[in-house]
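Report on the structure given below.
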Number of protein chains: 2
Amino acid sequence: MPLFKNRIPRAVVALTGSILLGFCSVHANPILPSWADGAARANVLQFIDKVTDKSNADYVKPTDRVAVFDNDGTLWAEQPIYFQMMYAFDQVRARLDQNPEWKEKEPFRSALANDYEGVLKSGEKGILELVMATHAGMSTEEYAESVAQWIATAKHPSTGRMIKEMVYQPMLELLELMREEEFVTYIVSGGGVDFMRVFAEEVYGIPPEQVIGSRLEVEFTNEGGIPTLMRKAKIDFIDDKGGKPVGIHTHIGKRPIACFGNSDGDLAMMQWTHAGEGARFCMYIHHTDEKREWAYDHPSAIGHFEKGLNEAKEQQWTVVDMKRDWINIFPNKQKTTK
Amino acid sequence: MPLFKNRIPRAVVALTGSILLGFCSVHANPILPSWADGAARANVLQFIDKVTDKSNADYVKPTDRVAVFDNDGTLWAEQPIYFQMMYAFDQVRARLDQNPEWKEKEPFRSALANDYEGVLKSGEKGILELVMATHAGMSTEEYAESVAQWIATAKHPSTGRMIKEMVYQPMLELLELMREEEFVTYIVSGGGVDFMRVFAEEVYGIPPEQVIGSRLEVEFTNEGGIPTLMRKAKIDFIDDKGGKPVGIHTHIGKRPIACFGNSDGDLAMMQWTHAGEGARFCMYIHHTDEKREWAYDHPSAIGHFEKGLNEAKEQQWTVVDMKRDWINIFPNKQKTTK
């Protein structure tokens, strides 16, 4: 991809980010076109500009331009339930013949009925049971194939969009812009790493080795001379809350300079990012648009956002108001109806 | 870095790899100059050539050119004991004032005496105790700083070389060549990931995010508003034997196409690499040079190499005979004496 700085002179970029904000239409390739004029857009552009400008005291060399993005609620939607759970429900249906007892047993019964509330009521234990029954007991390759088949056709129950098109257009633009500016973009999500890796490259342009997530244990076997990685019904790592900076350290071994999230589950990685030396950027996405998407924060079981919102105010992190700051929510400028 | 294929016409490369082997001196930049003419050099050059040649049926696109390298005994030496253990011994010495009981307690007493045999006699339990006492109970940043200080001055007890110069010149050349040919080079080692990351970029040109290794548990804390990753005295993951393909999967999410190792601990990742579809390359380094380095294989506690050697013969993997195949062992063409 051509570098941003090669396409558009840096001075224009700087002006665009600070003074000429909103007058991008003069460019063949407007910058962040789905972002409304305002502080959120200006802040992220200013940050990108200063860390990529060699004459700036905040300059950061490309290999240290590590940017981490939560997935659920930050890069794609997460309502009415995490999309990976929808995959689990569909797998319960597909395996019902081999497990007829599921018809009478929670949380499987609720999953079969697409009763999200019922599944959530089963709590962490029930959700874990559902995940183990549908994500383990097969090789990594069988699992990837199963997810690939699902994501190729799965649709969202209320918008009717493809699940893989429930992604946020403004964030796709930001990911691309940052990569053009030689940032390395990572997903750091509570979702399953092997689930996301199946589609992250196609959907976000993020290759498998830049996806960090929760993991089941994997075991190497070589039965009959066929080397296989088997997925075990045991949690290996939960990449959420304090797990996020740990996952980042394990995987990257560097502290990010930019962090994007939407819930209290992202707060620890925000703090970890923020506390590093030099220029740092933390952005929270606040789901405020009940018409075009969903409006929720702290009373929500999914995407609970309360401590993070308070700390964002204290620390003066950038908070995106989706209703105000995003011109488009989903790709293709389609109007979505729920 | 300029691409190999831009520097030297592909036809010449092909000829160099097959027919003109050994006549590289006509080039300004000879290819793998520390590798003697022979099957090992020819095999790896042929492999690199075919997977990077778009007109070849075995062509592999750059993002899938994943090459994994064991560290101890493959990229640098591992005798008379793993170098990370030498770091541990030096840390025991440095902390003796706070732990005077170590003087009388194994394996610390042996460590203080640089008695490698004595430490090895304490078995896995003793070695683990030594690791925990010297690698845990501090932040990731404190640990990295401690390793950085050590590696800056540490010398090998018998060769007198800097530890960071106990690396294999032929492998440095191979790493560089493969990266010029758009391979992504990873370390996959039983050694500690946070230990290797401190020097892997300087020594091998391999950045932190491409180092996979064994791990202690790390915990996020935010006491007094200072986000910290603390190293716990608990093993999180052992990146050895069957752990190597698991570590590769966890970290990269792709199967390598090329694998380099020297012991039975590397066999599982060799098998995992070999079993993938398309062109694959597996190379074992056999330590056969008792004059310039060390000669050892299956009777050795360190770098035990027996099953791997047998399977290499069966599968026709390339085996480097260090005495025969490497013109230089260590950098700078210095003659080393033990």
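Scheme for the structure tokens: letters A, B, ... for chains in order shown; per-chain residue numbers from 1; ligand numbers from 1 in order shown.
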If you run DSSP on this backbone, which residues of range 67-246 of chain B come out as helix (DSSP H, G or I), and could you give them as an MDAnalysis selection string? chainID B and resid 83:94 100:104 108:112 116:121 123:135 140:153 163:165 169:180 193:196 200:204 208:210 223:225 243:246
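In chain B, the set of residues within 6 Å of chain A (atoms considered: only C-alpha atoms) is Pro208, Glu209, Phe220, Pro227, Gly242, Ile252, Gly253 and Trp272 of chain B.
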Selected residues written out with all heavy atoms, as a PDB file, in the first residue's frame:
ATOM      1  N   PRO B 208      11.084  -8.604  18.895  1.00  0.00           N
ATOM      2  CA  PRO B 208      10.430  -9.291  20.021  1.00  0.00           C
ATOM      3  C   PRO B 208       9.189 -10.086  19.631  1.00  0.00           C
ATOM      4  O   PRO B 208       8.959 -11.177  20.154  1.00  0.00           O
ATOM      5  CB  PRO B 208      10.052  -8.136  20.961  1.00  0.00           C
ATOM      6  CG  PRO B 208      11.009  -7.043  20.643  1.00  0.00           C
ATOM      7  CD  PRO B 208      11.349  -7.188  19.187  1.00  0.00           C
ATOM      8  N   GLU B 209       8.380  -9.540  18.723  1.00  0.00           N
ATOM      9  CA  GLU B 209       7.118 -10.195  18.384  1.00  0.00           C
ATOM     10  C   GLU B 209       7.325 -11.464  17.557  1.00  0.00           C
ATOM     11  O   GLU B 209       6.386 -12.202  17.301  1.00  0.00           O
ATOM     12  CB  GLU B 209       6.173  -9.224  17.659  1.00  0.00           C
ATOM     13  CG  GLU B 209       6.652  -8.735  16.304  1.00  0.00           C
ATOM     14  CD  GLU B 209       7.501  -7.461  16.372  1.00  0.00           C
ATOM     15  OE1 GLU B 209       8.113  -7.193  17.437  1.00  0.00           O
ATOM     16  OE2 GLU B 209       7.558  -6.747  15.361  1.00  0.00           O
ATOM     17  N   PHE B 220      -0.983  -8.741  35.738  1.00  0.00           N
ATOM     18  CA  PHE B 220      -1.164  -7.285  35.675  1.00  0.00           C
ATOM     19  C   PHE B 220      -1.575  -6.758  37.041  1.00  0.00           C
ATOM     20  O   PHE B 220      -2.511  -7.270  37.652  1.00  0.00           O
ATOM     21  CB  PHE B 220      -2.237  -6.936  34.645  1.00  0.00           C
ATOM     22  CG  PHE B 220      -2.535  -5.459  34.542  1.00  0.00           C
ATOM     23  CD1 PHE B 220      -1.672  -4.609  33.868  1.00  0.00           C
ATOM     24  CD2 PHE B 220      -3.680  -4.921  35.124  1.00  0.00           C
ATOM     25  CE1 PHE B 220      -1.939  -3.248  33.765  1.00  0.00           C
ATOM     26  CE2 PHE B 220      -3.957  -3.561  35.020  1.00  0.00           C
ATOM     27  CZ  PHE B 220      -3.088  -2.727  34.342  1.00  0.00           C
ATOM     28  N   PRO B 227       0.549   0.856  36.461  1.00  0.00           N
ATOM     29  CA  PRO B 227       0.313  -0.428  35.790  1.00  0.00           C
ATOM     30  C   PRO B 227       1.624  -1.188  35.630  1.00  0.00           C
ATOM     31  O   PRO B 227       2.615  -0.630  35.148  1.00  0.00           O
ATOM     32  CB  PRO B 227      -0.255  -0.022  34.424  1.00  0.00           C
ATOM     33  CG  PRO B 227      -0.732   1.386  34.585  1.00  0.00           C
ATOM     34  CD  PRO B 227       0.200   1.990  35.594  1.00  0.00           C
ATOM     35  N   GLY B 242       6.490 -31.278  22.198  1.00  0.00           N
ATOM     36  CA  GLY B 242       5.142 -31.009  21.673  1.00  0.00           C
ATOM     37  C   GLY B 242       4.689 -29.578  21.914  1.00  0.00           C
ATOM     38  O   GLY B 242       3.775 -29.089  21.240  1.00  0.00           O
ATOM     39  N   ILE B 252       1.575 -17.681  16.035  1.00  0.00           N
ATOM     40  CA  ILE B 252       1.542 -17.309  14.610  1.00  0.00           C
ATOM     41  C   ILE B 252       0.201 -17.655  13.964  1.00  0.00           C
ATOM     42  O   ILE B 252      -0.288 -16.930  13.116  1.00  0.00           O
ATOM     43  CB  ILE B 252       2.684 -18.009  13.820  1.00  0.00           C
ATOM     44  CG1 ILE B 252       4.033 -17.891  14.567  1.00  0.00           C
ATOM     45  CG2 ILE B 252       2.794 -17.435  12.415  1.00  0.00           C
ATOM     46  CD1 ILE B 252       5.182 -18.628  13.904  1.00  0.00           C
ATOM     47  N   GLY B 253      -0.365 -18.785  14.358  1.00  0.00           N
ATOM     48  CA  GLY B 253      -1.625 -19.204  13.753  1.00  0.00           C
ATOM     49  C   GLY B 253      -1.476 -19.717  12.332  1.00  0.00           C
ATOM     50  O   GLY B 253      -2.449 -19.812  11.588  1.00  0.00           O
ATOM     51  N   TRP B 272       5.521 -31.268  12.494  1.00  0.00           N
ATOM     52  CA  TRP B 272       4.390 -30.372  12.213  1.00  0.00           C
ATOM     53  C   TRP B 272       4.648 -29.579  10.928  1.00  0.00           C
ATOM     54  O   TRP B 272       3.760 -29.419  10.078  1.00  0.00           O
ATOM     55  CB  TRP B 272       4.186 -29.441  13.407  1.00  0.00           C
ATOM     56  CG  TRP B 272       3.119 -28.406  13.257  1.00  0.00           C
ATOM     57  CD1 TRP B 272       3.281 -27.065  13.281  1.00  0.00           C
ATOM     58  CD2 TRP B 272       1.717 -28.641  13.061  1.00  0.00           C
ATOM     59  NE1 TRP B 272       2.074 -26.439  13.110  1.00  0.00           N
ATOM     60  CE2 TRP B 272       1.094 -27.373  12.968  1.00  0.00           C
ATOM     61  CE3 TRP B 272       0.921 -29.783  12.934  1.00  0.00           C
ATOM     62  CZ2 TRP B 272      -0.277 -27.219  12.773  1.00  0.00           C
ATOM     63  CZ3 TRP B 272      -0.442 -29.628  12.736  1.00  0.00           C
ATOM     64  CH2 TRP B 272      -1.025 -28.371  12.662  1.00  0.00           C
TER      65      TRP B 272
END
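For the choices B:Gly126, B:Pro33, B:Pro62, B:Gly205, the atom-to-atom distance to Ile187 in chain B is smallest for B:Gly205 when using only C-alpha atoms.
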Selected residue of minimal separation from Thr153 in chain A among A:Phe237, A:Asp264, A:Glu165, A:Gly123, counting only C-alpha atoms: A:Glu165
Write out as a PDB file with all heavy atoms, in the first residue's frame the residues lying within 9 Å of Met138 in chain B, counting only C-alpha atoms and excluding same-chain residues fewer than 2 positions away.
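So part-v1.pdb came out as:
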ATOM      1  N   HIS B 135      14.418 -15.525  38.084  1.00  0.00           N
ATOM      2  CA  HIS B 135      13.676 -14.986  36.947  1.00  0.00           C
ATOM      3  C   HIS B 135      12.308 -14.433  37.344  1.00  0.00           C
ATOM      4  O   HIS B 135      11.596 -13.906  36.497  1.00  0.00           O
ATOM      5  CB  HIS B 135      13.465 -16.064  35.875  1.00  0.00           C
ATOM      6  CG  HIS B 135      14.697 -16.440  35.118  1.00  0.00           C
ATOM      7  ND1 HIS B 135      15.773 -17.054  35.716  1.00  0.00           N
ATOM      8  CD2 HIS B 135      15.030 -16.300  33.815  1.00  0.00           C
ATOM      9  CE1 HIS B 135      16.711 -17.280  34.801  1.00  0.00           C
ATOM     10  NE2 HIS B 135      16.290 -16.820  33.641  1.00  0.00           N
ATOM     11  N   ALA B 136      11.902 -14.598  38.598  1.00  0.00           N
ATOM     12  CA  ALA B 136      10.551 -14.186  39.014  1.00  0.00           C
ATOM     13  C   ALA B 136      10.632 -13.158  40.129  1.00  0.00           C
ATOM     14  O   ALA B 136      11.721 -12.797  40.587  1.00  0.00           O
ATOM     15  CB  ALA B 136       9.755 -15.412  39.459  1.00  0.00           C
ATOM     16  N   THR B 140       8.296  -7.169  34.509  1.00  0.00           N
ATOM     17  CA  THR B 140       8.869  -7.541  33.207  1.00  0.00           C
ATOM     18  C   THR B 140       9.957  -6.550  32.804  1.00  0.00           C
ATOM     19  O   THR B 140      10.936  -6.936  32.164  1.00  0.00           O
ATOM     20  CB  THR B 140       7.777  -7.566  32.122  1.00  0.00           C
ATOM     21  OG1 THR B 140       7.067  -6.322  32.133  1.00  0.00           O
ATOM     22  CG2 THR B 140       6.797  -8.703  32.354  1.00  0.00           C
ATOM     23  N   GLU B 141       9.786  -5.301  33.199  1.00  0.00           N
ATOM     24  CA  GLU B 141      10.782  -4.295  32.812  1.00  0.00           C
ATOM     25  C   GLU B 141      12.068  -4.423  33.618  1.00  0.00           C
ATOM     26  O   GLU B 141      13.168  -4.276  33.078  1.00  0.00           O
ATOM     27  CB  GLU B 141      10.171  -2.892  32.903  1.00  0.00           C
ATOM     28  CG  GLU B 141       9.255  -2.647  31.701  1.00  0.00           C
ATOM     29  CD  GLU B 141       8.297  -1.486  31.864  1.00  0.00           C
ATOM     30  OE1 GLU B 141       8.125  -1.006  33.005  1.00  0.00           O
ATOM     31  OE2 GLU B 141       7.724  -1.054  30.848  1.00  0.00           O
ATOM     32  N   GLU B 142      11.924  -4.713  34.910  1.00  0.00           N
ATOM     33  CA  GLU B 142      13.116  -4.941  35.735  1.00  0.00           C
ATOM     34  C   GLU B 142      13.896  -6.149  35.222  1.00  0.00           C
ATOM     35  O   GLU B 142      15.129  -6.142  35.148  1.00  0.00           O
ATOM     36  CB  GLU B 142      12.722  -5.171  37.204  1.00  0.00           C
ATOM     37  CG  GLU B 142      12.283  -3.902  37.919  1.00  0.00           C
ATOM     38  CD  GLU B 142      11.521  -4.173  39.219  1.00  0.00           C
ATOM     39  OE1 GLU B 142      11.012  -5.307  39.398  1.00  0.00           O
ATOM     40  OE2 GLU B 142      11.435  -3.248  40.030  1.00  0.00           O
ATOM     41  N   TYR B 143      13.152  -7.193  34.872  1.00  0.00           N
ATOM     42  CA  TYR B 143      13.802  -8.403  34.371  1.00  0.00           C
ATOM     43  C   TYR B 143      14.551  -8.116  33.061  1.00  0.00           C
ATOM     44  O   TYR B 143      15.714  -8.508  32.897  1.00  0.00           O
ATOM     45  CB  TYR B 143      12.758  -9.506  34.170  1.00  0.00           C
ATOM     46  CG  TYR B 143      13.315 -10.765  33.552  1.00  0.00           C
ATOM     47  CD1 TYR B 143      14.146 -11.609  34.282  1.00  0.00           C
ATOM     48  CD2 TYR B 143      13.032 -11.104  32.233  1.00  0.00           C
ATOM     49  CE1 TYR B 143      14.674 -12.768  33.718  1.00  0.00           C
ATOM     50  CE2 TYR B 143      13.548 -12.255  31.659  1.00  0.00           C
ATOM     51  CZ  TYR B 143      14.368 -13.077  32.408  1.00  0.00           C
ATOM     52  OH  TYR B 143      14.890 -14.218  31.839  1.00  0.00           O
ATOM     53  N   LEU B 229       3.457  -5.276  34.984  1.00  0.00           N
ATOM     54  CA  LEU B 229       3.355  -6.714  34.707  1.00  0.00           C
ATOM     55  C   LEU B 229       4.391  -7.417  35.570  1.00  0.00           C
ATOM     56  O   LEU B 229       5.596  -7.229  35.390  1.00  0.00           O
ATOM     57  CB  LEU B 229       3.588  -6.991  33.218  1.00  0.00           C
ATOM     58  CG  LEU B 229       2.504  -6.450  32.279  1.00  0.00           C
ATOM     59  CD1 LEU B 229       2.891  -6.681  30.821  1.00  0.00           C
ATOM     60  CD2 LEU B 229       1.143  -7.079  32.570  1.00  0.00           C
ATOM     61  N   MET B 230       3.893  -8.200  36.527  1.00  0.00           N
ATOM     62  CA  MET B 230       4.788  -8.875  37.475  1.00  0.00           C
ATOM     63  C   MET B 230       5.037 -10.324  37.047  1.00  0.00           C
ATOM     64  O   MET B 230       4.115 -11.042  36.694  1.00  0.00           O
ATOM     65  CB  MET B 230       4.166  -8.880  38.873  1.00  0.00           C
ATOM     66  CG  MET B 230       4.203  -7.540  39.574  1.00  0.00           C
ATOM     67  SD  MET B 230       5.895  -6.895  39.840  1.00  0.00           S
ATOM     68  CE  MET B 230       6.542  -8.130  40.992  1.00  0.00           C
ATOM     69  N   ARG B 231       6.286 -10.731  37.124  1.00  0.00           N
ATOM     70  CA  ARG B 231       6.658 -12.110  36.793  1.00  0.00           C
ATOM     71  C   ARG B 231       6.465 -12.989  38.033  1.00  0.00           C
ATOM     72  O   ARG B 231       7.061 -12.732  39.078  1.00  0.00           O
ATOM     73  CB  ARG B 231       8.113 -12.158  36.334  1.00  0.00           C
ATOM     74  CG  ARG B 231       8.336 -11.417  35.015  1.00  0.00           C
ATOM     75  CD  ARG B 231       9.813 -11.285  34.690  1.00  0.00           C
ATOM     76  NE  ARG B 231      10.453 -12.576  34.560  1.00  0.00           N
ATOM     77  CZ  ARG B 231      10.465 -13.315  33.450  1.00  0.00           C
ATOM     78  NH1 ARG B 231       9.856 -12.873  32.379  1.00  0.00           N
ATOM     79  NH2 ARG B 231      11.088 -14.479  33.422  1.00  0.00           N
ATOM     80  N   LYS B 232       5.635 -14.021  37.904  1.00  0.00           N
ATOM     81  CA  LYS B 232       5.304 -14.903  39.019  1.00  0.00           C
ATOM     82  C   LYS B 232       6.197 -16.150  38.993  1.00  0.00           C
ATOM     83  O   LYS B 232       6.651 -16.575  37.936  1.00  0.00           O
ATOM     84  CB  LYS B 232       3.841 -15.359  38.932  1.00  0.00           C
ATOM     85  CG  LYS B 232       2.841 -14.270  38.626  1.00  0.00           C
ATOM     86  CD  LYS B 232       2.722 -13.261  39.729  1.00  0.00           C
ATOM     87  CE  LYS B 232       1.913 -13.803  40.901  1.00  0.00           C
ATOM     88  NZ  LYS B 232       1.752 -12.733  41.923  1.00  0.00           N
TER      89      LYS B 232
END
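Coordinates place CA of Ala77 in chain A at a distance of 10.0 Å from CA of His156 in chain A.
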Write out as a ChimeraX atom specification the residues lying within 8 Å of Asp70 in chain A, counting only C-alpha atoms and excluding same-chain residues fewer than 5 positions away. /A:75,187-190,260-262,266
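DSSP secondary structure from the backbone places Val211, Ile212, Gly213, Ser214, Arg215, Leu216, Glu217, Val218, Glu219, Phe220, Thr221, Thr228, Leu229, Met230, Arg231, Lys232, Ala233, Lys234, Ile235, Asp236, Phe237, Ala258, Cys259, Phe260 and Gly261 of chain A of range 202-273 of chain A in strand (DSSP E or B).
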For the residues in that selection, give me N, CA and C atoms as a tab-separated table (two decimals), in the first residue's frame.
chain	number	residue	atom	x	y	z
A	211	VAL	N	-3.31	-11.36	15.74
A	211	VAL	CA	-4.55	-11.53	16.48
A	211	VAL	C	-4.22	-12.17	17.83
A	212	ILE	N	-4.62	-11.51	18.91
A	212	ILE	CA	-4.42	-12.00	20.27
A	212	ILE	C	-5.79	-12.19	20.88
A	213	GLY	N	-6.03	-13.34	21.50
A	213	GLY	CA	-7.35	-13.57	22.07
A	213	GLY	C	-7.32	-14.66	23.12
A	214	SER	N	-8.52	-15.05	23.57
A	214	SER	CA	-8.62	-16.13	24.54
A	214	SER	C	-8.33	-17.46	23.83
A	215	ARG	N	-7.88	-18.43	24.64
A	215	ARG	CA	-7.46	-19.70	24.05
A	215	ARG	C	-7.95	-20.89	24.85
A	216	LEU	N	-8.31	-21.95	24.15
A	216	LEU	CA	-8.41	-23.26	24.78
A	216	LEU	C	-7.03	-23.89	24.72
A	217	GLU	N	-6.80	-24.88	25.58
A	217	GLU	CA	-5.54	-25.62	25.49
A	217	GLU	C	-5.49	-26.39	24.18
A	218	VAL	N	-4.31	-26.44	23.62
A	218	VAL	CA	-4.09	-27.18	22.38
A	218	VAL	C	-3.00	-28.20	22.68
A	219	GLU	N	-3.16	-29.41	22.15
A	219	GLU	CA	-2.19	-30.47	22.42
A	219	GLU	C	-1.68	-31.06	21.11
A	220	PHE	N	-0.38	-31.25	21.04
A	220	PHE	CA	0.22	-31.88	19.87
A	220	PHE	C	0.13	-33.40	19.99
A	221	THR	N	-0.40	-34.04	18.96
A	221	THR	CA	-0.40	-35.51	18.92
A	221	THR	C	0.19	-35.93	17.58
A	228	THR	N	-0.91	-33.53	14.62
A	228	THR	CA	-2.20	-32.86	14.76
A	228	THR	C	-2.17	-31.98	16.00
A	229	LEU	N	-2.82	-30.84	15.93
A	229	LEU	CA	-3.03	-30.01	17.12
A	229	LEU	C	-4.49	-30.13	17.51
A	230	MET	N	-4.72	-30.75	18.67
A	230	MET	CA	-6.10	-31.01	19.12
A	230	MET	C	-6.54	-29.94	20.12
A	231	ARG	N	-7.75	-29.46	19.94
A	231	ARG	CA	-8.33	-28.46	20.85
A	231	ARG	C	-8.96	-29.18	22.04
A	232	LYS	N	-8.49	-28.87	23.25
A	232	LYS	CA	-8.95	-29.53	24.46
A	232	LYS	C	-10.07	-28.72	25.13
A	233	ALA	N	-10.90	-29.40	25.89
A	233	ALA	CA	-12.01	-28.73	26.58
A	233	ALA	C	-11.51	-28.11	27.89
A	234	LYS	N	-10.50	-27.25	27.75
A	234	LYS	CA	-9.92	-26.62	28.94
A	234	LYS	C	-9.44	-25.22	28.57
A	235	ILE	N	-9.82	-24.24	29.38
A	235	ILE	CA	-9.39	-22.87	29.14
A	235	ILE	C	-7.88	-22.76	29.36
A	236	ASP	N	-7.18	-22.18	28.41
A	236	ASP	CA	-5.75	-21.94	28.57
A	236	ASP	C	-5.49	-20.49	29.01
A	237	PHE	N	-6.24	-19.58	28.43
A	237	PHE	CA	-5.99	-18.15	28.70
A	237	PHE	C	-7.23	-17.34	28.36
A	258	ALA	N	-0.83	2.95	21.11
A	258	ALA	CA	-2.22	3.36	20.86
A	258	ALA	C	-3.15	2.20	21.18
A	259	CYS	N	-4.29	2.52	21.80
A	259	CYS	CA	-5.20	1.48	22.28
A	259	CYS	C	-6.64	1.91	22.04
A	260	PHE	N	-7.45	0.99	21.54
A	260	PHE	CA	-8.84	1.28	21.19
A	260	PHE	C	-9.74	0.21	21.79
A	261	GLY	N	-10.77	0.63	22.52
A	261	GLY	CA	-11.67	-0.33	23.13
A	261	GLY	C	-13.03	0.28	23.36
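The shell of residues at most 10 Å from Lys61 in chain A, with only C-alpha atoms counted and near chain neighbours (fewer than 5 positions) removed, consists of Val51, Thr52, Asp53, Lys54, Glu182 and Phe183 of chain A.
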Restrict the selected residues to N, CA, C and O atoms and save them as a PDB file, in the first residue's frame.
ATOM      1  N   VAL A  51       3.482  11.245  15.845  1.00  0.00           N
ATOM      2  CA  VAL A  51       4.397  10.109  16.048  1.00  0.00           C
ATOM      3  C   VAL A  51       5.045   9.636  14.745  1.00  0.00           C
ATOM      4  O   VAL A  51       5.992   8.848  14.764  1.00  0.00           O
ATOM      5  N   THR A  52       4.528  10.117  13.601  1.00  0.00           N
ATOM      6  CA  THR A  52       5.117   9.714  12.317  1.00  0.00           C
ATOM      7  C   THR A  52       5.970  10.816  11.691  1.00  0.00           C
ATOM      8  O   THR A  52       6.517  10.637  10.611  1.00  0.00           O
ATOM      9  N   ASP A  53       6.057  11.929  12.386  1.00  0.00           N
ATOM     10  CA  ASP A  53       6.798  13.080  11.867  1.00  0.00           C
ATOM     11  C   ASP A  53       8.197  13.102  12.496  1.00  0.00           C
ATOM     12  O   ASP A  53       8.340  13.348  13.700  1.00  0.00           O
ATOM     13  N   LYS A  54       9.190  12.848  11.667  1.00  0.00           N
ATOM     14  CA  LYS A  54      10.558  12.721  12.190  1.00  0.00           C
ATOM     15  C   LYS A  54      11.050  13.978  12.890  1.00  0.00           C
ATOM     16  O   LYS A  54      11.939  13.915  13.740  1.00  0.00           O
ATOM     17  N   GLU A 182       2.401   3.117   8.750  1.00  0.00           N
ATOM     18  CA  GLU A 182       3.370   2.150   9.270  1.00  0.00           C
ATOM     19  C   GLU A 182       3.158   1.763  10.733  1.00  0.00           C
ATOM     20  O   GLU A 182       4.109   1.401  11.431  1.00  0.00           O
ATOM     21  N   PHE A 183       1.927   1.877  11.210  1.00  0.00           N
ATOM     22  CA  PHE A 183       1.583   1.238  12.476  1.00  0.00           C
ATOM     23  C   PHE A 183       1.406  -0.260  12.223  1.00  0.00           C
ATOM     24  O   PHE A 183       1.048  -0.678  11.116  1.00  0.00           O
TER      25      PHE A 183
END
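By only C-alpha atoms, and with residues fewer than 4 positions from Pro170 in chain B along its chain excluded, the set lying at most 9 Å from it is Leu32, Pro33, Ser34, Trp35, Leu75, Leu174, Leu175, Trp326, Ile327, Asn328, Ile329, Phe330 and Pro331 of chain B.
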Residues within 12 Å of Asp115 in chain A, only C-alpha atoms, excluding chain neighbours under 5 positions, as an MDAnalysis selection string: chainID A and resid 80:81 85:86 89 106:110 120:122 157
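From CA of Gly118 in chain B back to CA of Glu306 in chain B, the distance works out to 24.3 Å.
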